[in-house]
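**Student:** Hey, dropping input-v8.csv in here, CSV, C-alpha atoms:
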```csv
chain,number,residue,atom,x,y,z
A,473,MET,CA,13.4,-20.4,-33.8
A,474,PHE,CA,10.5,-22.8,-33.8
A,475,THR,CA,12.6,-25.8,-34.9
A,476,THR,CA,12.4,-28.8,-32.6
A,477,SER,CA,15.4,-30.9,-33.6
A,478,ASN,CA,17.7,-29.0,-31.3
A,479,ALA,CA,15.2,-27.7,-28.8
A,480,TRP,CA,16.2,-27.9,-25.1
A,481,TYR,CA,13.4,-30.4,-24.3
A,482,THR,CA,14.8,-33.0,-26.8
A,483,TYR,CA,18.0,-33.4,-24.7
A,484,SER,CA,18.7,-35.7,-21.7
A,485,GLY,CA,19.1,-34.4,-18.2
A,486,ASN,CA,19.9,-35.6,-14.7
A,487,ASP,CA,17.1,-37.5,-12.9
A,488,ASN,CA,14.8,-37.3,-15.9
A,489,ASP,CA,12.8,-40.3,-14.6
A,490,THR,CA,11.2,-37.8,-12.2
A,491,ILE,CA,12.2,-34.2,-13.3
A,492,ILE,CA,10.9,-33.1,-16.7
A,493,SER,CA,12.5,-29.7,-16.8
A,494,SER,CA,14.2,-27.1,-14.7
A,495,ARG,CA,14.0,-23.3,-15.0
A,496,VAL,CA,15.7,-20.3,-13.4
A,497,ARG,CA,14.2,-16.9,-14.1
A,498,ILE,CA,16.0,-13.7,-13.1
A,499,MET,CA,14.1,-10.4,-13.1
A,500,ARG,CA,15.7,-6.9,-13.5
A,501,ASN,CA,14.4,-3.4,-14.1
A,502,LEU,CA,16.3,-0.4,-15.4
A,503,LYS,CA,17.3,2.3,-12.9
A,504,GLY,CA,15.3,5.5,-13.2
A,505,CYS,CA,12.5,4.0,-15.3
A,506,ARG,CA,8.9,3.2,-14.3
A,507,PHE,CA,7.6,-0.3,-14.3
A,508,PRO,CA,6.1,-1.5,-17.7
A,509,ALA,CA,2.5,-1.2,-16.6
A,510,MET,CA,3.1,2.6,-16.0
A,511,LEU,CA,5.1,3.3,-19.2
A,512,LYS,CA,4.0,5.7,-21.9
A,513,LYS,CA,4.5,4.6,-25.5
A,514,ASP,CA,7.8,6.6,-26.0
A,515,GLU,CA,9.2,5.4,-22.7
A,516,ALA,CA,8.5,1.7,-23.4
A,517,GLU,CA,10.0,2.0,-26.9
A,518,SER,CA,13.1,3.7,-25.5
A,519,ILE,CA,13.6,0.8,-22.9
A,520,TYR,CA,13.0,-1.8,-25.6
A,521,GLN,CA,15.6,-0.2,-27.9
A,522,SER,CA,18.1,0.0,-24.9
A,523,ILE,CA,17.8,-3.7,-24.0
A,524,VAL,CA,17.6,-5.6,-27.3
A,525,PRO,CA,20.9,-4.5,-28.8
A,526,VAL,CA,22.7,-5.6,-25.6
A,527,PHE,CA,21.3,-9.1,-25.9
A,528,GLN,CA,22.4,-9.2,-29.6
A,529,LYS,CA,26.0,-8.3,-28.7
A,530,LEU,CA,26.1,-11.4,-26.5
A,531,SER,CA,25.4,-13.8,-29.4
A,532,PRO,CA,28.2,-16.2,-30.3
A,533,ALA,CA,28.4,-17.3,-33.9
A,534,ALA,CA,26.6,-20.6,-33.4
A,535,LEU,CA,23.8,-19.4,-31.1
A,536,GLU,CA,22.2,-16.1,-31.9
A,537,PHE,CA,19.6,-14.1,-29.9
A,538,HIS,CA,16.6,-13.2,-31.9
A,539,PRO,CA,14.4,-10.2,-30.9
A,540,ILE,CA,10.7,-10.5,-31.6
A,541,ARG,CA,8.3,-7.6,-31.1
A,542,LEU,CA,5.0,-8.8,-29.5
A,543,ASP,CA,2.9,-6.8,-32.0
A,544,THR,CA,4.4,-8.7,-34.9
A,545,LEU,CA,3.4,-12.1,-33.6
A,546,ASP,CA,0.3,-13.8,-35.1
A,547,GLY,CA,-2.0,-15.8,-32.8
A,548,ILE,CA,-0.3,-19.2,-33.5
A,549,ALA,CA,3.2,-17.9,-32.8
A,550,LYS,CA,2.1,-16.2,-29.6
A,551,LYS,CA,0.4,-19.4,-28.5
A,552,ILE,CA,3.6,-21.4,-29.1
A,553,PHE,CA,5.5,-19.1,-26.8
A,554,GLU,CA,2.8,-19.6,-24.2
A,555,GLU,CA,3.0,-23.4,-24.6
A,556,ARG,CA,6.7,-23.2,-24.0
A,557,SER,CA,6.3,-21.0,-20.9
A,558,ILE,CA,8.1,-18.1,-22.4
A,559,LEU,CA,5.1,-15.8,-22.5
A,560,PRO,CA,2.3,-15.5,-19.9
A,561,VAL,CA,-1.1,-16.7,-21.0
A,562,ASN,CA,-3.6,-14.2,-22.4
A,563,LEU,CA,-1.2,-11.3,-22.5
A,564,GLU,CA,-2.5,-8.2,-24.2
A,565,ASN,CA,-0.3,-6.4,-26.6
A,566,ASN,CA,1.1,-3.1,-25.3
A,567,PHE,CA,3.8,-0.6,-26.1
A,568,GLY,CA,7.4,-1.8,-26.5
A,569,MET,CA,6.8,-5.4,-25.6
A,570,GLY,CA,9.0,-8.2,-27.0
A,571,ILE,CA,10.8,-11.4,-26.6
A,572,VAL,CA,14.5,-12.3,-27.1
A,573,VAL,CA,15.1,-16.0,-27.8
A,574,ARG,CA,18.3,-17.9,-28.3
A,575,ASP,CA,18.4,-20.4,-31.2
A,576,ASP,CA,18.2,-23.4,-29.0
A,577,GLY,CA,15.5,-22.0,-26.7
A,578,ILE,CA,17.5,-22.7,-23.6
A,579,LEU,CA,17.7,-18.9,-23.0
A,580,SER,CA,14.9,-16.5,-23.5
A,581,ALA,CA,13.8,-13.2,-22.1
A,582,THR,CA,10.7,-11.0,-22.1
A,583,VAL,CA,11.1,-7.2,-22.5
A,584,ASN,CA,8.6,-4.8,-20.8
A,585,ILE,CA,6.3,-7.6,-19.8
A,586,LYS,CA,5.6,-7.1,-16.0
A,587,ASP,CA,9.3,-6.2,-15.6
A,588,HIS,CA,11.8,-4.6,-18.0
A,589,ILE,CA,13.7,-7.9,-18.3
A,590,ARG,CA,12.7,-11.4,-17.2
A,591,LEU,CA,15.4,-13.8,-18.3
A,592,SER,CA,14.8,-17.5,-18.2
A,593,ALA,CA,17.1,-20.5,-18.6
A,594,PHE,CA,15.6,-23.9,-19.3
A,595,TYR,CA,17.1,-27.4,-19.3
A,596,ALA,CA,15.7,-30.8,-19.4
A,597,GLY,CA,15.9,-32.9,-16.3
A,598,PHE,CA,17.1,-31.8,-12.8
A,599,GLU,CA,19.6,-29.1,-13.9
A,600,LEU,CA,18.8,-26.1,-11.7
A,601,GLN,CA,22.5,-25.5,-11.1
A,602,LYS,CA,23.2,-25.3,-14.9
A,603,CYS,CA,20.2,-23.0,-15.4
A,604,PHE,CA,21.4,-20.7,-12.6
A,605,VAL,CA,25.0,-20.5,-13.9
A,606,LEU,CA,23.9,-19.7,-17.4
A,607,ALA,CA,21.2,-17.2,-16.4
A,608,LYS,CA,23.4,-15.5,-13.9
A,609,THR,CA,26.3,-15.2,-16.4
A,610,VAL,CA,24.0,-13.6,-19.0
A,611,ILE,CA,22.3,-11.2,-16.5
A,612,ASN,CA,25.7,-10.1,-15.2
A,613,LYS,CA,26.9,-9.4,-18.8
A,614,LEU,CA,23.8,-7.4,-19.4
A,615,GLY,CA,24.5,-5.5,-16.2
A,616,GLU,CA,27.8,-4.3,-17.7
A,617,SER,CA,25.9,-2.2,-20.2
A,618,LEU,CA,22.6,-1.6,-18.4
A,619,GLU,CA,22.1,-0.1,-14.9
A,620,PHE,CA,19.6,-2.1,-12.8
A,621,SER,CA,17.3,-0.7,-10.2
A,622,ALA,CA,18.3,-1.9,-6.7
A,623,VAL,CA,18.4,-0.8,-3.0
A,624,GLN,CA,21.4,-1.7,-0.9
A,625,ASP,CA,20.7,-4.3,1.8
A,626,PHE,CA,17.2,-4.8,0.2
A,627,GLY,CA,17.8,-6.1,-3.3
A,628,TYR,CA,16.5,-5.7,-6.8
A,629,LEU,CA,13.2,-3.9,-7.3
A,630,SER,CA,10.3,-5.4,-9.2
A,631,SER,CA,6.7,-4.7,-10.1
A,632,ASP,CA,5.8,-8.0,-8.3
A,633,ILE,CA,6.5,-7.9,-4.5
A,634,THR,CA,7.4,-11.6,-4.5
A,635,ASN,CA,10.3,-10.9,-6.9
A,636,ILE,CA,11.9,-8.1,-4.8
A,637,GLY,CA,15.3,-9.2,-3.3
A,638,SER,CA,17.4,-11.6,-5.4
A,639,GLY,CA,15.0,-11.2,-8.3
A,640,MET,CA,15.3,-14.9,-8.9
A,641,LYS,CA,12.7,-17.7,-9.1
A,642,CYS,CA,13.5,-21.4,-9.5
A,643,SER,CA,11.0,-24.0,-10.8
A,644,ILE,CA,10.9,-27.6,-11.8
A,645,LEU,CA,8.3,-29.6,-13.6
A,646,CYS,CA,8.1,-33.2,-12.3
A,647,SER,CA,6.0,-36.3,-12.7
A,648,LEU,CA,5.1,-38.0,-9.4
A,649,PRO,CA,3.2,-41.2,-10.1
A,650,GLY,CA,4.7,-42.8,-6.9
A,651,HIS,CA,3.3,-40.1,-4.7
A,652,SER,CA,0.0,-40.0,-6.5
A,653,TRP,CA,-0.7,-43.7,-6.6
A,654,THR,CA,0.2,-44.2,-2.9
A,655,ASN,CA,-1.8,-41.2,-1.8
A,656,LYS,CA,1.3,-39.5,-0.4
A,657,ILE,CA,1.0,-36.4,-2.6
A,658,GLN,CA,-1.1,-34.2,-0.4
A,659,GLY,CA,1.3,-34.6,2.5
A,660,LYS,CA,4.2,-33.8,0.2
A,661,ILE,CA,2.5,-30.7,-1.1
A,662,GLU,CA,1.9,-29.4,2.4
A,663,ALA,CA,5.5,-30.1,3.4
A,664,LEU,CA,6.9,-28.3,0.4
A,665,SER,CA,4.5,-25.3,0.9
A,666,LYS,CA,6.0,-24.9,4.4
A,667,GLN,CA,9.4,-24.6,2.9
A,668,ASN,CA,8.6,-21.5,0.8
A,669,PHE,CA,7.5,-23.4,-2.4
A,670,ASP,CA,4.4,-23.1,-4.6
A,671,ILE,CA,3.0,-26.4,-6.0
A,672,HIS,CA,0.6,-26.4,-8.9
A,673,ALA,CA,-0.9,-29.6,-10.3
A,674,TYR,CA,-1.7,-30.0,-14.0
A,675,TYR,CA,-5.5,-30.6,-14.3
A,676,ALA,CA,-7.6,-30.9,-17.4
A,677,GLN,CA,-9.5,-27.7,-18.1
A,678,ASN,CA,-12.8,-27.5,-16.2
A,679,SER,CA,-12.3,-30.8,-14.4
A,680,LYS,CA,-10.5,-32.3,-11.4
A,681,ARG,CA,-8.7,-34.8,-13.6
A,682,LEU,CA,-5.0,-34.8,-12.9
A,683,LEU,CA,-2.9,-35.1,-16.0
A,684,GLY,CA,0.3,-37.1,-16.2
A,685,TYR,CA,1.0,-36.9,-12.4
A,686,LEU,CA,2.5,-33.6,-13.4
A,687,TYR,CA,3.4,-30.9,-10.8
A,688,LEU,CA,5.1,-27.5,-11.1
A,689,ILE,CA,7.2,-26.6,-8.0
A,690,SER,CA,8.6,-23.1,-7.7
A,691,THR,CA,10.0,-20.8,-5.1
A,692,LYS,CA,7.4,-18.5,-3.5
A,693,SER,CA,9.5,-15.4,-2.9
A,694,ALA,CA,12.9,-14.0,-3.9
A,695,ALA,CA,13.3,-12.1,-0.7
A,696,GLY,CA,15.2,-12.9,2.5
A,697,SER,CA,18.4,-14.5,1.3
A,698,THR,CA,20.9,-14.6,-1.6
A,699,ASP,CA,20.2,-16.3,-4.9
A,700,GLU,CA,22.8,-18.9,-4.1
A,701,LEU,CA,21.1,-19.9,-0.8
A,702,GLN,CA,17.7,-19.9,-2.5
A,703,LEU,CA,19.0,-22.2,-5.2
A,704,ASN,CA,20.7,-24.6,-2.8
A,705,THR,CA,17.6,-24.8,-0.6
A,706,MET,CA,15.5,-25.8,-3.6
A,707,ILE,CA,18.1,-28.3,-4.9
A,708,THR,CA,18.1,-30.0,-1.4
A,709,ALA,CA,14.3,-30.2,-1.3
A,710,ILE,CA,14.0,-31.6,-4.8
A,711,ARG,CA,16.7,-34.1,-4.3
A,712,SER,CA,14.8,-35.4,-1.3
A,713,LEU,CA,11.6,-35.5,-3.4
A,714,ILE,CA,13.3,-37.5,-6.1
A,715,ASN,CA,14.6,-40.1,-3.6
A,716,GLU,CA,11.1,-40.4,-2.0
A,717,GLU,CA,9.4,-40.8,-5.4
A,718,ARG,CA,11.7,-43.6,-6.4
A,719,GLU,CA,11.1,-45.4,-3.1
A,720,LEU,CA,7.3,-45.1,-3.6
A,721,ARG,CA,7.6,-46.5,-7.1
A,722,GLU,CA,9.4,-49.5,-5.7
A,723,SER,CA,6.5,-50.0,-3.3
A,724,LEU,CA,4.1,-50.0,-6.2
A,725,LEU,CA,5.9,-53.0,-7.6
A,726,LYS,CA,5.3,-54.9,-4.4
A,727,ASN,CA,1.7,-53.7,-3.6
A,728,GLN,CA,0.0,-52.6,-6.9
A,729,LEU,CA,1.9,-54.4,-9.6
A,730,TRP,CA,-1.1,-55.7,-11.7
A,731,ARG,CA,-3.1,-52.4,-11.4
A,732,ILE,CA,-0.1,-50.3,-12.5
A,733,GLN,CA,0.9,-52.7,-15.2
A,734,ASP,CA,-2.7,-52.7,-16.6
A,735,GLU,CA,-2.6,-48.9,-16.7
A,736,VAL,CA,0.7,-48.8,-18.7
A,737,ILE,CA,-0.5,-51.6,-21.1
A,738,LYS,CA,-3.8,-49.8,-21.8
A,739,ALA,CA,-2.0,-46.4,-22.3
A,740,LEU,CA,0.5,-47.8,-24.8
A,741,SER,CA,-2.3,-49.7,-26.7
A,742,ILE,CA,-4.5,-46.6,-26.9
A,743,ALA,CA,-1.7,-44.3,-27.9
A,744,LYS,CA,-0.5,-46.7,-30.7
A,745,ASN,CA,-4.0,-47.2,-32.1
A,746,ALA,CA,-6.1,-44.1,-31.5
A,747,TYR,CA,-7.3,-42.3,-34.6
A,748,LEU,CA,-7.8,-39.0,-32.8
A,749,LEU,CA,-6.1,-37.7,-29.6
A,750,ASP,CA,-6.8,-34.5,-27.7
A,751,VAL,CA,-4.2,-32.7,-25.6
A,752,LYS,CA,-5.3,-33.9,-22.2
A,753,ASP,CA,-5.5,-37.5,-23.2
A,754,THR,CA,-2.1,-37.3,-24.9
A,755,ILE,CA,-0.5,-35.9,-21.8
A,756,ASP,CA,-2.1,-38.6,-19.6
A,757,LEU,CA,-1.1,-41.4,-22.0
A,758,ILE,CA,2.5,-40.2,-22.5
A,759,PHE,CA,3.2,-40.1,-18.8
A,760,LYS,CA,1.6,-43.4,-18.0
A,761,ILE,CA,3.9,-44.9,-20.7
A,762,LYS,CA,6.8,-43.0,-19.2
A,763,LEU,CA,6.0,-44.7,-15.8
A,764,GLY,CA,6.3,-48.0,-17.7
A,765,ILE,CA,9.8,-46.9,-18.8
A,766,ASN,CA,10.7,-46.0,-15.2
A,767,LEU,CA,9.6,-49.4,-14.0
A,768,GLY,CA,11.4,-51.3,-16.8
A,769,TRP,CA,8.3,-52.5,-18.6
A,770,VAL,CA,8.5,-50.4,-21.8
A,771,THR,CA,11.4,-50.8,-24.2
A,772,GLY,CA,12.2,-49.0,-27.5
A,773,LEU,CA,11.3,-45.6,-26.1
A,774,SER,CA,13.3,-43.0,-24.2
A,775,TYR,CA,12.5,-40.5,-21.5
A,776,GLU,CA,13.6,-37.7,-23.9
A,777,ALA,CA,11.1,-38.8,-26.6
A,778,CYS,CA,8.2,-38.7,-24.1
A,779,VAL,CA,9.2,-35.2,-22.8
A,780,ALA,CA,9.5,-33.9,-26.4
A,781,LEU,CA,6.0,-35.1,-27.2
A,782,LEU,CA,4.7,-33.0,-24.3
A,783,TYR,CA,5.6,-29.9,-26.3
A,784,GLN,CA,5.5,-31.2,-29.9
A,785,THR,CA,1.8,-32.3,-29.6
A,786,GLN,CA,0.5,-29.0,-28.3
A,787,THR,CA,-2.2,-27.4,-30.4
A,788,ALA,CA,-0.3,-24.3,-31.6
A,789,HIS,CA,2.8,-26.3,-32.5
A,790,ILE,CA,0.7,-28.6,-34.7
A,791,ALA,CA,-1.1,-25.7,-36.3
A,792,PHE,CA,2.2,-24.1,-37.1
A,793,LEU,CA,3.4,-27.3,-38.7
A,794,MET,CA,0.2,-27.4,-40.8
A,795,LEU,CA,0.5,-23.8,-41.9
A,796,ASN,CA,4.2,-24.0,-43.0
A,797,GLY,CA,3.6,-27.3,-44.9
A,798,THR,CA,5.8,-29.5,-42.7
A,799,ILE,CA,2.8,-31.9,-42.2
A,800,GLN,CA,0.4,-32.8,-44.9
A,801,LEU,CA,-2.9,-34.6,-44.1
A,802,ASP,CA,-4.6,-36.2,-47.1
A,803,GLU,CA,-7.6,-37.6,-45.1
A,804,PRO,CA,-10.9,-35.8,-45.7
A,805,LEU,CA,-11.3,-34.1,-42.3
A,806,GLN,CA,-12.8,-30.7,-42.8
A,807,VAL,CA,-12.9,-29.4,-39.2
A,808,ASP,CA,-9.6,-28.0,-38.0
A,809,GLU,CA,-10.0,-29.4,-34.6
A,810,LEU,CA,-10.3,-32.9,-35.9
A,811,ARG,CA,-7.4,-32.4,-38.3
A,812,ILE,CA,-5.2,-31.4,-35.4
A,813,GLU,CA,-6.3,-34.3,-33.3
A,814,ARG,CA,-5.6,-36.7,-36.2
A,815,ILE,CA,-2.1,-35.2,-36.7
A,816,ARG,CA,-1.4,-35.4,-32.9
A,817,ALA,CA,-2.3,-39.1,-33.0
A,818,LEU,CA,0.1,-39.6,-36.0
A,819,LEU,CA,2.9,-37.7,-34.2
A,820,VAL,CA,2.5,-39.9,-31.1
A,821,GLN,CA,2.4,-43.1,-33.1
A,822,GLU,CA,5.5,-42.2,-35.1
A,823,VAL,CA,7.5,-41.8,-31.8
A,824,LEU,CA,5.9,-45.0,-30.3
A,825,LYS,CA,6.4,-47.3,-33.3
A,826,ARG,CA,9.3,-49.2,-31.7
A,827,ALA,CA,7.9,-49.1,-28.2
A,828,GLU,CA,7.0,-52.5,-26.7
A,829,ILE,CA,5.7,-53.9,-23.4
A,830,ARG,CA,7.9,-56.3,-21.5
A,831,ILE,CA,5.2,-58.1,-19.5
A,832,LYS,CA,5.8,-59.1,-15.9
A,833,THR,CA,4.4,-62.6,-15.2
A,834,SER,CA,4.7,-62.5,-11.4
A,835,PRO,CA,4.6,-59.8,-8.7
```
Using the file provided, produce a representation of the structure as structure tokens.

**Tutor:**
Amino acid sequence: MFTTSNAWYTYSGNDNDTIISSRVRIMRNLKGCRFPAMLKKDEAESIYQSIVPVFQKLSPAALEFHPIRLDTLDGIAKKIFEERSILPVNLENNFGMGIVVRDDGILSATVNIKDHIRLSAFYAGFELQKCFVLAKTVINKLGESLEFSAVQDFGYLSSDITNIGSGMKCSILCSLPGHSWTNKIQGKIEALSKQNFDIHAYYAQNSKRLLGYLYLISTKSAAGSTDELQLNTMITAIRSLINEERELRESLLKNQLWRIQDEVIKALSIAKNAYLLDVKDTIDLIFKIKLGINLGWVTGLSYEACVALLYQTQTAHIAFLMLNGTIQLDEPLQVDELRIERIRALLVQEVLKRAEIRIKTSP
């Protein structure tokens, strides 16, 4: 389940010049049961044993669901699930907690973590509709065997007030260099916030350094309308965002060509030649190079390869590869942190070995 050759983030998706990934998460709780934070050990175990077998019955031959109890995960495995946005960060082990993951990682669910079920569907690119159809199909199938807690004309109940109603949250991860470089990003954040969206920028830890022009945009509340209407509202808003981002990138070609080109050239050069790379520098370099792909300056490299590096160069993922022997490092680096940074550089350079700059000679 930790393989990357067929992971969702290695595939292509619509509008992947701007949208990195899409997710639809649907929350449900079992009727007559207390929320996870209030459960006793035997209650939590009973709920876990009620939910997991229903998931396993859904498994087709080629794509099975795998249940994993949280108390069986070591630190690295737990961190990998955090890096892939399946588990919340710094979650403490408790009774009857677990994860159910499909082989390809497109579908996953947490059990007894904040709610009894939090089912997520992930796709690369702008694929909210596909995420919604898949997640809704699975949650409806689960509902044939499990009775969910809901109030008529009010919606599904949740431990989190923002999830009460449809029980659905949509989110997209996007890269917005056009908005960022033209100083339009703050106005866009304010406009999206007024439309019931939360926007979170990716900053380096303990600094104000924005990484990769990356922003996570998600719905604030599941209340007030149907899940179909909430989905369509977000699709419309993100479609407008994509069009604006592309127009702003075109304006960069006219007004800041040499400055942008210099950033892309330096990013590719550093990434190809660095001996050590930490996570924040890697993210920043990858998405500057990806901007070069968007603008037609970088050849021999795909959007999909850049997105895959975002996940494959995370610290826990590299540590896992080291422990299971997938990666061998012969160089005499005794400190684990340095070994990971060296492997990260080698992973990046393997992907970038055919990447080249097609230099513009005039604005």

**Student:** Using only C-alpha atoms, find the one residue out of A:Gln821, A:Ser697, A:Thr691, A:Thr708 that sits nearest to Tyr747 of chain A.

**Tutor:**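 Of the candidates, the smallest distance to Tyr747 of chain A is held by A:Gln821.
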
**Student:** Here's a test: counting only C-alpha atoms, identify every protein, DNA and RNA residue with an atom at most 10 Å from (-0.7, -50.7, -14.5) in the file's coordinate frame, and state them as a ChimeraX atom specification.

**Tutor:** /A:724-725,728-739,760-761,763-764

**Student:** Please report the interatomic distance between atom CA of Gly547 of chain A and atom CA of Leu795 of chain A in Å with one decimal.

**Tutor:** 12.4 Å

**Student:** Using all atoms listed in the file, determine which residues lie at most 10 Å from Gly696 of chain A, disregarding the query and same-chain residues fewer than 6 positions distant; provide the list as a PDB file with C-alpha atoms, in the frame of the given file.

**Tutor:**
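Written file, result_39.pdb:
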```pdb
ATOM      1  CA  PHE A 626      17.200  -4.800   0.200  1.00  0.00           C
ATOM      2  CA  GLY A 627      17.800  -6.100  -3.300  1.00  0.00           C
ATOM      3  CA  ILE A 636      11.900  -8.100  -4.800  1.00  0.00           C
ATOM      4  CA  GLY A 637      15.300  -9.200  -3.300  1.00  0.00           C
ATOM      5  CA  SER A 638      17.400 -11.600  -5.400  1.00  0.00           C
ATOM      6  CA  GLN A 702      17.700 -19.900  -2.500  1.00  0.00           C
TER       7      GLN A 702
END
```

**Student:** Atom CA of Val823 of chain A to atom CA of Ser774 of chain A: how many Å, to one decimal?

**Tutor:** 9.6 Å

**Student:** Give the centre and edge lengths of an axis-aligned box, in Å to one decimal, that holds all listed atoms of segment 719-736 of chain A with 8 Å on each side, as lines of an AutoDock Vina configuration file.

**Tutor:**
```
center_x = 4.0
center_y = -50.4
center_z = -10.9
size_x = 30.2
size_y = 26.6
size_z = 31.6
```

**Student:** If we count only C-alpha atoms and set the cut-off at 9 Å, which residues sit around segment 654-666 of chain A, ignoring sequence neighbours fewer than 2 positions away in its own chain? Please answer as a count of residues only.

**Tutor:** 17

**Student:** Please compute the atom CA of Ile548 of chain A-atom CA of Gln786 of chain A distance, one decimal, in Å.

**Tutor:**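 Calculated distance between atom CA of Ile548 of chain A and atom CA of Gln786 of chain A is 11.1 Å.
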
**Student:** So which one's closest to Thr582 of chain A, A:Asn501, A:Ser647, A:Ser617, A:Asn796? Using all atoms listed in the file, please.

**Tutor:** A:Asn501

**Student:** Can you pull out every residue within 9 Å of Thr787 of chain A, counting only C-alpha atoms, but drop anything in the same chain fewer than 5 positions away, and send it as a ChimeraX atom specification?

**Tutor:** /A:548,551-552,555,750-751,792,812-813,816

**Student:** Where does segment 492-532 of chain A meet segment 628-635 of chain A within 9 Å, residue by residue, with the nearest atom pair and distance in Å to one decimal for each, counting only C-alpha atoms, listed by chain and rising number, as a Markdown table?

**Tutor:**
```
| residue | atom | partner | partner_atom | distance |
| --- | --- | --- | --- | --- |
| A:Ile498 | CA | A:Asn635 | CA | 8.9 |
| A:Met499 | CA | A:Asn635 | CA | 7.3 |
| A:Arg500 | CA | A:Tyr628 | CA | 6.9 |
| A:Asn501 | CA | A:Ser630 | CA | 6.7 |
| A:Phe507 | CA | A:Ser631 | CA | 6.1 |
| A:Pro508 | CA | A:Ser631 | CA | 8.3 |
| A:Ala509 | CA | A:Ser631 | CA | 8.5 |
```

**Student:** Check the smallest atom-to-atom distance from each of A:Pro525, A:Tyr520, A:Glu554, A:Ser741 to Arg541 of chain A using only C-alpha atoms, then report the winner.

**Tutor:**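 For Arg541 of chain A, the nearest of the candidates is A:Tyr520.
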
**Student:** Can you list, as a ChimeraX atom specification, every protein, DNA or RNA residue that comes within 12 Å of Leu819 of chain A when you count all atoms listed in the file, leaving out same-chain residues fewer than 6 positions away?

**Tutor:** /A:743-749,754,758,777-778,780-786,789-790,793,799,801,812-813,825

**Student:** Nearest to Ala695 of chain A among A:Gln667, A:Gly639, A:Glu564, A:Thr490, with distances taken over only C-alpha atoms: which residue is it?

**Tutor:** A:Gly639

**Student:** When you count all atoms listed in the file, which of these residues is closest to Leu542 of chain A: A:Leu563, A:Leu810, A:Ile714, A:Met569?

**Tutor:** A:Met569

**Student:** Just add all heavy atoms to segment 592-596 of chain A and send it as an mmCIF file, in the coordinates of the input.

**Tutor:**
```cif
data_model
loop_
_atom_site.group_PDB
_atom_site.id
_atom_site.type_symbol
_atom_site.label_atom_id
_atom_site.label_comp_id
_atom_site.auth_asym_id
_atom_site.auth_seq_id
_atom_site.Cartn_x
_atom_site.Cartn_y
_atom_site.Cartn_z
ATOM 1 N N SER A 592 15.038 -16.142 -18.636
ATOM 2 C CA SER A 592 14.800 -17.500 -18.200
ATOM 3 C C SER A 592 15.818 -18.458 -18.887
ATOM 4 O O SER A 592 16.110 -18.316 -20.078
ATOM 5 C CB SER A 592 13.406 -17.987 -18.549
ATOM 6 O OG SER A 592 12.442 -17.259 -17.815
ATOM 7 N N ALA A 593 16.314 -19.423 -18.116
ATOM 8 C CA ALA A 593 17.100 -20.500 -18.600
ATOM 9 C C ALA A 593 16.434 -21.815 -18.373
ATOM 10 O O ALA A 593 16.056 -22.098 -17.227
ATOM 11 C CB ALA A 593 18.524 -20.497 -17.987
ATOM 12 N N PHE A 594 16.242 -22.615 -19.417
ATOM 13 C CA PHE A 594 15.600 -23.900 -19.300
ATOM 14 C C PHE A 594 16.551 -25.033 -19.647
ATOM 15 O O PHE A 594 17.359 -24.919 -20.567
ATOM 16 C CB PHE A 594 14.430 -24.017 -20.358
ATOM 17 C CG PHE A 594 13.254 -23.122 -20.115
ATOM 18 C CD1 PHE A 594 13.241 -21.823 -20.600
ATOM 19 C CD2 PHE A 594 12.138 -23.591 -19.439
ATOM 20 C CE1 PHE A 594 12.137 -21.003 -20.408
ATOM 21 C CE2 PHE A 594 11.034 -22.779 -19.231
ATOM 22 C CZ PHE A 594 11.039 -21.484 -19.717
ATOM 23 N N TYR A 595 16.442 -26.131 -18.894
ATOM 24 C CA TYR A 595 17.100 -27.400 -19.300
ATOM 25 C C TYR A 595 16.197 -28.537 -18.983
ATOM 26 O O TYR A 595 15.342 -28.482 -18.089
ATOM 27 C CB TYR A 595 18.415 -27.569 -18.457
ATOM 28 C CG TYR A 595 19.620 -26.852 -19.002
ATOM 29 C CD1 TYR A 595 20.115 -25.704 -18.388
ATOM 30 C CD2 TYR A 595 20.291 -27.324 -20.136
ATOM 31 C CE1 TYR A 595 21.224 -25.036 -18.875
ATOM 32 C CE2 TYR A 595 21.400 -26.670 -20.635
ATOM 33 C CZ TYR A 595 21.864 -25.527 -20.000
ATOM 34 O OH TYR A 595 22.968 -24.866 -20.493
ATOM 35 N N ALA A 596 16.377 -29.612 -19.732
ATOM 36 C CA ALA A 596 15.700 -30.800 -19.400
ATOM 37 C C ALA A 596 16.255 -31.511 -18.220
ATOM 38 O O ALA A 596 17.459 -31.429 -17.975
ATOM 39 C CB ALA A 596 15.728 -31.792 -20.644
#
```
